[in-house]
>>> print(open('structure_20.tsv').read())   # TSV, C-alpha atoms
chain	number	residue	atom	x	y	z
P	1	MET	CA	1.42	35.84	11.78
P	2	MET	CA	1.21	39.24	10.08
P	3	MET	CA	4.95	39.18	9.48
P	4	LYS	CA	4.75	35.67	8.01
P	5	ARG	CA	1.95	36.74	5.70
P	6	LEU	CA	3.90	39.78	4.56
P	7	VAL	CA	6.98	37.67	3.89
P	8	THR	CA	4.96	35.10	1.98
P	9	ALA	CA	3.18	37.78	0.00
P	10	GLY	CA	6.43	39.52	-0.78
P	11	LEU	CA	8.08	36.31	-1.83
P	12	ALA	CA	5.21	35.26	-4.04
P	13	VAL	CA	4.94	38.63	-5.70
P	14	ALA	CA	8.70	38.83	-6.12
P	15	ILE	CA	8.82	35.49	-7.85
P	16	LEU	CA	5.80	36.17	-9.96
P	17	ALA	CA	7.04	39.61	-10.85
P	18	ALA	CA	10.64	38.69	-11.52
P	19	VAL	CA	9.90	36.28	-14.30
P	20	PRO	CA	7.68	38.59	-16.33
P	21	GLY	CA	10.23	41.33	-15.73
P	22	VAL	CA	12.82	39.25	-17.52
P	23	ALA	CA	10.32	38.39	-20.19
P	24	VAL	CA	9.54	42.03	-20.77
P	25	ALA	CA	13.24	42.89	-21.02
P	26	GLN	CA	13.74	40.16	-23.58
P	27	GLU	CA	10.98	41.58	-25.72
P	28	ALA	CA	13.09	44.61	-26.60
P	29	PRO	CA	12.21	44.72	-30.31
P	30	ALA	CA	8.55	45.12	-29.44
P	31	ARG	CA	9.19	48.02	-27.11
P	32	PRO	CA	9.68	51.61	-28.21
P	33	THR	CA	13.28	52.29	-29.13
P	34	ASN	CA	13.23	55.46	-27.12
P	35	GLU	CA	12.97	54.52	-23.42
P	36	GLN	CA	11.72	57.93	-22.55
P	37	GLU	CA	8.57	57.34	-24.58
P	38	VAL	CA	7.51	54.69	-22.14
P	39	THR	CA	5.67	56.44	-19.40
P	40	ARG	CA	5.55	55.27	-15.82
P	41	ALA	CA	1.88	54.41	-16.32
P	42	ASP	CA	2.71	52.20	-19.30
P	43	ARG	CA	5.29	50.35	-17.27
P	44	GLY	CA	2.84	49.90	-14.44
P	45	ALA	CA	0.25	48.50	-16.82
P	46	GLN	CA	2.80	46.09	-18.28
P	47	TRP	CA	3.67	44.88	-14.79
P	48	VAL	CA	0.03	44.41	-13.90
P	49	ASP	CA	-0.64	42.45	-17.10
P	50	ALA	CA	2.44	40.29	-16.68
P	51	LEU	CA	1.67	39.58	-13.03
P	52	LYS	CA	-1.94	38.76	-13.85
P	53	SER	CA	-0.82	36.41	-16.57
P	54	ARG	CA	1.56	34.57	-14.25
P	55	ALA	CA	-1.03	34.37	-11.48
P	56	LEU	CA	-3.68	33.05	-13.84
P	57	GLU	CA	-1.21	30.49	-15.16
P	58	ALA	CA	-0.55	29.37	-11.59
P	59	ILE	CA	-4.27	29.03	-10.97
P	60	GLU	CA	-4.81	27.14	-14.22
P	61	LYS	CA	-2.02	24.74	-13.32
P	62	ARG	CA	-3.73	24.04	-9.99
P	63	LEU	CA	-7.11	23.57	-11.63
P	64	VAL	CA	-5.57	20.99	-13.96
P	65	THR	CA	-4.04	19.21	-10.96
P	66	ILE	CA	-7.39	19.24	-9.18
P	67	GLY	CA	-8.97	17.68	-12.27
P	68	GLU	CA	-6.31	14.96	-12.28
P	69	LEU	CA	-6.84	14.28	-8.59
P	70	GLU	CA	-10.62	14.03	-9.09
P	71	ALA	CA	-10.05	11.60	-11.96
P	72	ALA	CA	-7.72	9.49	-9.81
P	73	ILE	CA	-10.34	9.27	-7.06
P	74	ASN	CA	-13.12	8.41	-9.51
P	75	ARG	CA	-10.90	5.82	-11.18
P	76	SER	CA	-10.00	4.12	-7.92
P	77	GLU	CA	-11.84	0.87	-7.27
P	78	THR	CA	-10.55	0.60	-3.74
P	79	VAL	CA	-11.02	4.04	-2.19
P	80	GLU	CA	-13.49	4.03	0.70
P	81	ALA	CA	-16.72	5.79	-0.26
P	82	ASP	CA	-16.64	8.24	2.64
P	83	HIS	CA	-13.01	9.12	1.94
P	84	ALA	CA	-13.78	9.68	-1.73
P	85	ALA	CA	-16.75	11.89	-0.89
P	86	GLN	CA	-14.74	14.03	1.50
P	87	LEU	CA	-11.81	14.43	-0.88
P	88	LEU	CA	-14.03	15.21	-3.87
P	89	ASN	CA	-15.92	17.85	-1.86
P	90	GLU	CA	-12.66	19.49	-0.84
P	91	LEU	CA	-11.36	19.43	-4.41
P	92	ARG	CA	-14.56	20.96	-5.79
P	93	ALA	CA	-14.47	23.67	-3.14
P	94	SER	CA	-10.83	24.40	-3.98
P	95	ALA	CA	-11.62	24.55	-7.70
P	96	ALA	CA	-14.54	26.92	-7.11
P	97	GLY	CA	-12.42	29.09	-4.85
P	98	LEU	CA	-9.55	29.25	-7.32
P	99	GLU	CA	-11.91	30.10	-10.19
P	100	ALA	CA	-13.40	32.92	-8.12
P	101	LEU	CA	-9.90	34.11	-7.26
P	102	ALA	CA	-8.98	34.05	-10.95
P	103	GLY	CA	-11.97	36.30	-11.61
P	104	GLU	CA	-10.78	38.75	-8.96
P	105	ILE	CA	-7.27	38.73	-10.41
P	106	ARG	CA	-8.55	39.38	-13.93
P	107	ALA	CA	-10.55	42.31	-12.61
P	108	ALA	CA	-7.65	43.80	-10.65
P	109	GLU	CA	-6.34	47.03	-12.12
P	110	ASP	CA	-3.35	47.83	-9.96
P	111	LEU	CA	-0.36	46.15	-8.43
P	112	GLU	CA	-1.52	46.76	-4.89
P	113	THR	CA	-4.69	44.73	-5.47
P	114	LEU	CA	-2.72	41.96	-7.13
P	115	TRP	CA	-0.25	41.87	-4.25
P	116	ALA	CA	-3.16	41.14	-1.96
P	117	LEU	CA	-4.71	38.52	-4.26
P	118	VAL	CA	-1.76	36.54	-5.60
P	119	PRO	CA	-0.57	35.03	-2.29
P	120	LYS	CA	-4.03	33.54	-1.84
P	121	ILE	CA	-3.25	31.10	-4.64
P	122	PHE	CA	-0.79	29.42	-2.28
P	123	GLU	CA	-2.00	30.28	1.19
P	124	ASP	CA	-5.69	29.53	0.82
P	125	TYR	CA	-5.45	26.32	-1.19
P	126	ARG	CA	-2.07	24.57	-0.78
P	127	ILE	CA	-2.90	22.28	-3.69
P	128	TYR	CA	0.66	20.94	-3.95
P	129	ALA	CA	1.76	21.18	-0.34
P	130	VAL	CA	-1.31	19.63	1.29
P	131	VAL	CA	-4.14	18.58	-1.00
P	132	ALA	CA	-2.35	16.46	-3.63
P	133	PRO	CA	-0.22	14.45	-1.15
P	134	LYS	CA	-3.26	13.94	1.03
P	135	VAL	CA	-5.31	12.54	-1.86
P	136	HIS	CA	-2.52	10.22	-2.99
P	137	LEU	CA	-1.86	8.94	0.52
P	138	VAL	CA	-5.54	8.19	1.15
P	139	LEU	CA	-5.82	6.41	-2.21
P	140	GLY	CA	-2.70	4.40	-1.40
P	141	ALA	CA	-3.88	3.58	2.12
P	142	ASP	CA	-7.32	2.43	0.98
P	143	HIS	CA	-5.75	0.34	-1.75
P	144	ALA	CA	-3.41	-1.21	0.80
P	145	GLY	CA	-6.45	-2.04	2.95
P	146	SER	CA	-8.02	-3.76	-0.04
P	147	VAL	CA	-4.81	-5.70	-0.71
P	148	ALA	CA	-4.80	-6.78	2.94
P	149	ASP	CA	-8.36	-8.10	2.55
P	150	ARG	CA	-7.42	-10.06	-0.55
P	151	ILE	CA	-4.37	-11.57	1.09
P	152	LYS	CA	-6.50	-12.41	4.12
P	153	ASN	CA	-8.87	-14.34	1.84
P	154	ALA	CA	-5.90	-16.16	0.36
P	155	ALA	CA	-4.70	-16.99	3.86
P	156	GLY	CA	-8.11	-18.49	4.55
P	157	SER	CA	-7.88	-20.69	1.45
P	158	LEU	CA	-4.34	-21.71	2.28
P	159	GLY	CA	-5.41	-22.53	5.84
P	160	GLU	CA	-8.20	-24.75	4.49
P	161	ALA	CA	-5.74	-26.50	2.18
P	162	LEU	CA	-3.35	-27.13	5.07
P	163	ASP	CA	-6.22	-28.39	7.23
P	164	SER	CA	-7.32	-30.87	4.58
P	165	LEU	CA	-3.74	-32.12	4.23
P	166	ASP	CA	-3.49	-32.40	8.00
P	167	GLU	CA	-6.74	-34.36	8.19
P	168	ALA	CA	-5.46	-36.67	5.48
P	169	GLY	CA	-2.46	-37.44	7.63
P	170	PHE	CA	0.24	-35.23	6.16
P	171	ASP	CA	2.64	-33.32	8.33
P	172	VAL	CA	1.86	-29.63	7.77
P	173	ALA	CA	3.60	-28.11	10.78
P	174	ASP	CA	5.96	-26.04	8.62
P	175	GLY	CA	3.07	-24.80	6.52
P	176	GLU	CA	1.14	-23.80	9.64
P	177	LYS	CA	4.15	-21.80	10.85
P	178	LEU	CA	4.31	-19.97	7.54
P	179	LEU	CA	0.58	-19.30	7.69
P	180	ALA	CA	0.88	-17.83	11.18
P	181	GLU	CA	3.64	-15.51	9.95
P	182	MET	CA	1.57	-14.55	6.92
P	183	GLU	CA	-1.39	-13.68	9.15
P	184	ARG	CA	0.86	-11.57	11.39
P	185	LEU	CA	2.15	-9.63	8.39
P	186	ILE	CA	-1.35	-9.07	7.03
P	187	ALA	CA	-2.54	-7.74	10.38
P	188	ALA	CA	0.46	-5.39	10.64
P	189	GLY	CA	0.02	-4.13	7.07
P	190	ALA	CA	-3.71	-3.63	7.47
P	191	GLU	CA	-3.30	-1.79	10.75
P	192	GLN	CA	-0.74	0.61	9.31
P	193	ALA	CA	-2.76	1.26	6.17
P	194	GLY	CA	-5.88	1.80	8.22
P	195	SER	CA	-4.24	4.48	10.34
P	196	ILE	CA	-3.32	6.75	7.43
P	197	PRO	CA	-6.68	8.33	6.52
P	198	GLY	CA	-7.10	9.41	10.13
P	199	MET	CA	-3.69	11.04	10.01
P	200	VAL	CA	-4.18	13.07	6.85
P	201	LEU	CA	-7.85	13.55	5.98
P	202	GLY	CA	-8.28	16.36	8.46
P	203	LEU	CA	-5.34	18.39	7.15
P	204	THR	CA	-6.24	21.77	5.66
P	205	PRO	CA	-4.22	24.50	3.95
P	206	ALA	CA	-4.17	26.32	7.29
P	207	ASP	CA	-2.11	23.45	8.76
P	208	TYR	CA	0.80	24.23	6.45
P	209	PRO	CA	3.77	24.03	7.06
P	210	GLY	CA	3.26	21.66	10.00
P	211	SER	CA	1.20	19.46	7.70
P	212	SER	CA	4.31	18.49	5.76
P	213	GLU	CA	5.71	16.53	8.69
P	214	THR	CA	2.39	14.72	9.15
P	215	LEU	CA	2.24	13.86	5.46
P	216	ARG	CA	5.79	12.53	5.49
P	217	SER	CA	5.00	10.40	8.56
P	218	ALA	CA	1.93	9.02	6.82
P	219	GLN	CA	4.01	8.21	3.76
P	220	SER	CA	6.46	6.35	5.96
P	221	VAL	CA	3.64	4.36	7.58
P	222	LEU	CA	2.22	3.50	4.15
P	223	GLN	CA	5.63	2.30	2.97
P	224	SER	CA	6.05	0.12	6.02
P	225	GLY	CA	2.55	-1.30	5.68
P	226	THR	CA	3.17	-2.03	2.01
P	227	GLU	CA	6.36	-3.89	2.87
P	228	ASP	CA	4.46	-6.05	5.36
P	229	LEU	CA	1.78	-6.83	2.79
P	230	ARG	CA	4.39	-7.63	0.16
P	231	ALA	CA	6.09	-9.99	2.63
P	232	ALA	CA	2.70	-11.57	3.35
P	233	GLY	CA	2.24	-12.15	-0.38
P	234	GLN	CA	5.66	-13.76	-0.62
P	235	THR	CA	4.85	-15.98	2.34
P	236	ALA	CA	1.64	-17.05	0.60
P	237	HIS	CA	3.75	-18.19	-2.36
P	238	GLU	CA	5.99	-20.12	0.03
P	239	ILE	CA	2.96	-21.86	1.50
P	240	VAL	CA	1.80	-22.86	-1.96
P	241	ARG	CA	5.25	-24.27	-2.69
P	242	PHE	CA	5.08	-26.16	0.61
P	243	ILE	CA	1.67	-27.62	-0.28
P	244	LEU	CA	2.91	-28.67	-3.69
P	245	SER	CA	5.93	-30.37	-2.18
P	246	VAL	CA	3.73	-32.27	0.26
P	247	LEU	CA	1.41	-33.35	-2.51
P	248	ALA	CA	4.39	-34.44	-4.56
P	249	GLY	CA	5.56	-36.58	-1.63
P	250	ASP	CA	8.76	-34.61	-1.08
P	251	SER	CA	10.27	-34.49	2.34
P	252	THR	CA	9.18	-31.37	4.12
P	253	GLU	CA	11.55	-31.50	7.04
S	1	MET	CA	2.74	-63.60	24.89
S	2	ARG	CA	3.12	-61.06	27.68
S	3	ARG	CA	6.71	-60.47	26.62
S	4	ILE	CA	5.68	-59.56	23.10
S	5	GLY	CA	3.10	-57.13	24.44
S	6	VAL	CA	5.75	-55.37	26.55
S	7	MET	CA	8.12	-55.23	23.61
S	8	LEU	CA	5.45	-53.62	21.51
S	9	MET	CA	4.90	-50.95	24.14
S	10	VAL	CA	8.63	-50.29	24.51
S	11	VAL	CA	9.10	-49.94	20.78
S	12	SER	CA	6.08	-47.70	20.60
S	13	VAL	CA	7.25	-45.40	23.40
S	14	ALA	CA	10.78	-45.30	22.00
S	15	ALA	CA	9.52	-44.30	18.59
S	16	ALA	CA	7.33	-41.59	20.05
S	17	GLY	CA	10.15	-40.30	22.22
S	18	CYS	CA	12.45	-40.04	19.25
S	19	GLY	CA	10.02	-37.69	17.62
S	20	ALA	CA	8.71	-40.15	15.12
S	21	ARG	CA	5.77	-38.59	13.38
S	22	ALA	CA	2.39	-40.17	13.68
S	23	THR	CA	1.75	-39.13	10.11
S	24	VAL	CA	4.03	-38.93	7.13
S	25	PRO	CA	3.55	-37.24	3.76
S	26	THR	CA	3.48	-40.53	1.95
S	27	PRO	CA	1.12	-43.39	2.60
S	28	LYS	CA	2.37	-45.95	5.05
S	29	PRO	CA	2.40	-49.66	4.21
S	30	ALA	CA	-0.52	-51.55	5.60
S	31	SER	CA	1.70	-53.77	7.70
S	32	ASN	CA	5.31	-54.45	8.46
S	33	THR	CA	7.18	-57.67	8.52
S	34	SER	CA	9.73	-58.21	11.16
S	35	THR	CA	11.74	-61.08	12.50
S	36	GLU	CA	9.91	-60.73	15.75
S	37	THR	CA	6.66	-61.33	14.02
S	38	THR	CA	7.52	-64.76	12.93
S	39	ILE	CA	7.77	-66.31	16.33
S	40	GLY	CA	4.57	-68.07	15.77
S	41	GLU	CA	2.58	-66.71	18.60
S	42	PRO	CA	-0.42	-64.72	17.46
S	43	VAL	CA	-0.51	-61.15	18.47
S	44	GLU	CA	-3.52	-60.24	20.48
S	45	ALA	CA	-5.99	-58.34	18.41
S	46	THR	CA	-6.86	-56.18	21.38
S	47	ASP	CA	-3.40	-54.62	21.53
S	48	PRO	CA	-3.91	-51.15	20.08
S	49	ALA	CA	-0.38	-49.78	20.42
S	50	PRO	CA	0.73	-48.05	17.19
S	51	VAL	CA	4.19	-49.09	16.17
S	52	PRO	CA	5.60	-47.10	13.29
S	53	GLY	CA	8.93	-47.88	11.77
S	54	SER	CA	10.51	-50.73	9.94
S	55	THR	CA	11.44	-52.61	13.09
S	56	SER	CA	8.00	-52.70	14.50
S	57	PRO	CA	6.21	-55.99	14.81
S	58	PRO	CA	3.22	-56.73	12.68
S	59	LEU	CA	-0.03	-55.09	13.54
S	60	LEU	CA	-3.37	-56.44	12.77
S	61	GLU	CA	-4.69	-52.95	12.31
S	62	ALA	CA	-2.86	-49.63	11.96
S	63	PRO	CA	-4.21	-47.37	14.69
S	64	SER	CA	-3.72	-44.09	12.79
S	65	PRO	CA	-3.99	-44.92	9.15
S	66	ALA	CA	-1.70	-42.98	6.84
S	67	PRO	CA	-3.22	-41.07	3.92
S	68	ALA	CA	-4.19	-43.31	1.12
S	69	GLU	CA	-4.62	-40.46	-1.33
S	70	PRO	CA	-3.77	-36.78	-1.19
S	71	PRO	CA	-6.81	-34.57	-0.62
S	72	ASP	CA	-8.24	-32.43	-3.34
S	73	VAL	CA	-6.44	-29.10	-2.83
S	74	ALA	CA	-7.43	-26.26	-5.12
S	75	VAL	CA	-3.86	-25.24	-5.91
S	76	ASP	CA	-4.76	-23.70	-9.26
S	77	GLU	CA	-7.41	-21.56	-7.64
S	78	ILE	CA	-4.98	-20.45	-4.93
S	79	ASN	CA	-2.33	-19.65	-7.53
S	80	LEU	CA	-4.82	-17.49	-9.41
S	81	MET	CA	-5.62	-15.71	-6.17
S	82	LEU	CA	-1.92	-15.09	-5.54
S	83	GLN	CA	-1.50	-13.77	-9.07
S	84	GLY	CA	-4.29	-11.27	-8.38
S	85	ILE	CA	-2.59	-10.26	-5.14
S	86	ASP	CA	0.72	-9.72	-6.95
S	87	GLU	CA	-1.04	-7.44	-9.42
S	88	THR	CA	-2.70	-5.39	-6.68
S	89	LEU	CA	0.63	-5.12	-4.87
S	90	ALA	CA	2.14	-3.71	-8.06
S	91	GLU	CA	-0.70	-1.17	-8.19
S	92	LEU	CA	0.02	-0.30	-4.58
S	93	ASP	CA	3.67	0.34	-5.49
S	94	GLN	CA	2.48	2.74	-8.19
S	95	LEU	CA	0.25	4.58	-5.71
S	96	LEU	CA	3.19	4.84	-3.33
S	97	ASN	CA	5.25	6.37	-6.11
S	98	ASP	CA	2.43	8.83	-6.86
S	99	ALA	CA	2.31	9.86	-3.21
S	100	ALA	CA	6.09	10.28	-3.11
S	101	ALA	CA	5.97	12.44	-6.25
S	102	ALA	CA	3.18	14.54	-4.77
S	103	LEU	CA	5.18	15.10	-1.61
S	104	ALA	CA	8.26	16.02	-3.61
S	105	ALA	CA	6.24	18.63	-5.54
S	106	GLU	CA	5.83	20.68	-2.40
S	107	GLU	CA	8.93	22.78	-3.03
S	108	GLY	CA	7.62	23.91	-6.38
S	109	GLU	CA	4.44	25.29	-4.92
S	110	ILE	CA	5.45	28.93	-4.80
S	111	LEU	CA	6.54	28.85	-8.43
S	112	PRO	CA	3.76	29.60	-10.84
>>> encode(input="structure_20.tsv", output="structure tokens")
Amino acid sequence: MMMKRLVTAGLAVAILAAVPGVAVAQEAPARPTNEQEVTRADRGAQWVDALKSRALEAIEKRLVTIGELEAAINRSETVEADHAAQLLNELRASAAGLEALAGEIRAAEDLETLWALVPKIFEDYRIYAVVAPKVHLVLGADHAGSVADRIKNAAGSLGEALDSLDEAGFDVADGEKLLAEMERLIAAGAEQAGSIPGMVLGLTPADYPGSSETLRSAQSVLQSGTEDLRAAGQTAHEIVRFILSVLAGDSTE
Amino acid sequence: MRRIGVMLMVVSVAAAGCGARATVPTPKPASNTSTETTIGEPVEATDPAPVPGSTSPPLLEAPSPAPAEPPDVAVDEINLMLQGIDETLAELDQLLNDAAAALAAEEGEILP
């Protein structure tokens, strides 16, 4: 665990530090022409400033993403209220934590302190690895559940239409078969969509990297559920075509 | 008289056995004319056997009347409902794409 943390910290600092290092080298005209005039302390201060800048940029980027995720949740007309509340709470907590971390980073005066703080941007929040996919999957799953409800209503109306044709003496056996298939697809799609929040809502930054596999599985389930619902929608269109053909007096067999 | 009754039953059973539908999408004629119906003997009104098909003897009363008019089916309303479903399915596709993009962004996490 310690080793992993050290590796992560080293990697993060290396990446953060490497880019400003290049940037500093490219700013040659602004630097003293005599290298010897640049003291070790000056160089250290430049590194600290550059690292701080990069770290604060990384935090700002995540805060923007959090804002976008909050907006997506608030915009959604289909997200379940309890899911929205949980996700919004987590996002606000992440934003508050990142803002506090930004304050600590601004106040840091040496590389050693920054080395301890910078990895927290990734390790403590996992905005891109865990939070953002989780939010999008829950929004997608809840929307799929809503689509399933709408298609179920349509199936009810189509069933009533077939019943009235049947009562009037028309042969609707083929339509009933299509309706049964449509209902099967709706149930399958709804079940898959309904399982996703339970898979991902409990994931936290501490679950990374194992969380990635769970998120990918959830994505796969959502895709499969969406395909079932899409097929249910297509079947509904087929049933309407069947009804129209019966009403038009066409042969249905 | 008895012979005609038996014939009616045979024709009826044969039609049913051949999978003839009791109901058809288009209204049935009120009665059929057949050579067998012109024998001159009246058919007993109490014989209820349904005899669909062009070869069936005349019936005083069709036992399972075919639809005279199609029922009032709210096809326009259903079509509107399906249009709404298509739109929400398109939104779902977009949300799936968003989720896929979010998952793909994982690798960029360590880059500021």
>>> closest_atom_pairs(input="structure_20.tsv", of="chain P", to="chain S", cutoff="6 Å", atoms="all atoms listed in the file", output="tab-separated table")
residue	atom	partner	partner_atom	distance
P:Ala58	CA	S:Pro112	CA	4.4
P:Tyr128	CA	S:Glu106	CA	5.4
P:Ala129	CA	S:Glu106	CA	4.6
P:Ala132	CA	S:Ala102	CA	6.0
P:Pro133	CA	S:Ala102	CA	5.0
P:His136	CA	S:Ala99	CA	4.8
P:Leu137	CA	S:Ala99	CA	5.7
P:Gly140	CA	S:Leu95	CA	5.2
P:Ala161	CA	S:Val73	CA	5.7
P:Ala168	CA	S:Pro67	CA	5.2
P:Gly169	CA	S:Thr23	CA	5.2
P:Phe170	CA	S:Pro25	CA	4.6
P:Asp171	CA	S:Val24	CA	5.9
P:Gly249	CA	S:Thr26	CA	5.7
>>> atom_distance(input="structure_20.tsv", atom1="atom CA of Val130 of chain P", atom2="atom CA of Val64 of chain P")
15.9 Å
>>> residues_around(input="structure_20.tsv", residues="segment 205-208 of chain P", least_positions_apart="6", cutoff="8 Å", atoms="only C-alpha atoms", output="ChimeraX atom specification")
/P:123-126,129-131
>>> atom_distance(input="structure_20.tsv", atom1="atom CA of Pro197 of chain P", atom2="atom CA of Leu179 of chain P")
28.6 Å
>>> atom_distance(input="structure_20.tsv", atom1="atom CA of Ala100 of chain P", atom2="atom CA of Ala72 of chain P")
24.2 Å
>>> residues_around(input="structure_20.tsv", residues="segment 181-193 of chain P", least_positions_apart="4", cutoff="8 Å", atoms="all atoms listed in the file", output="JSON, numbers by chain")
{"P": [141, 142, 144, 145, 148, 151, 152, 155, 177, 221, 222, 224, 225, 226, 227, 228, 229, 231, 232, 233, 235, 236]}
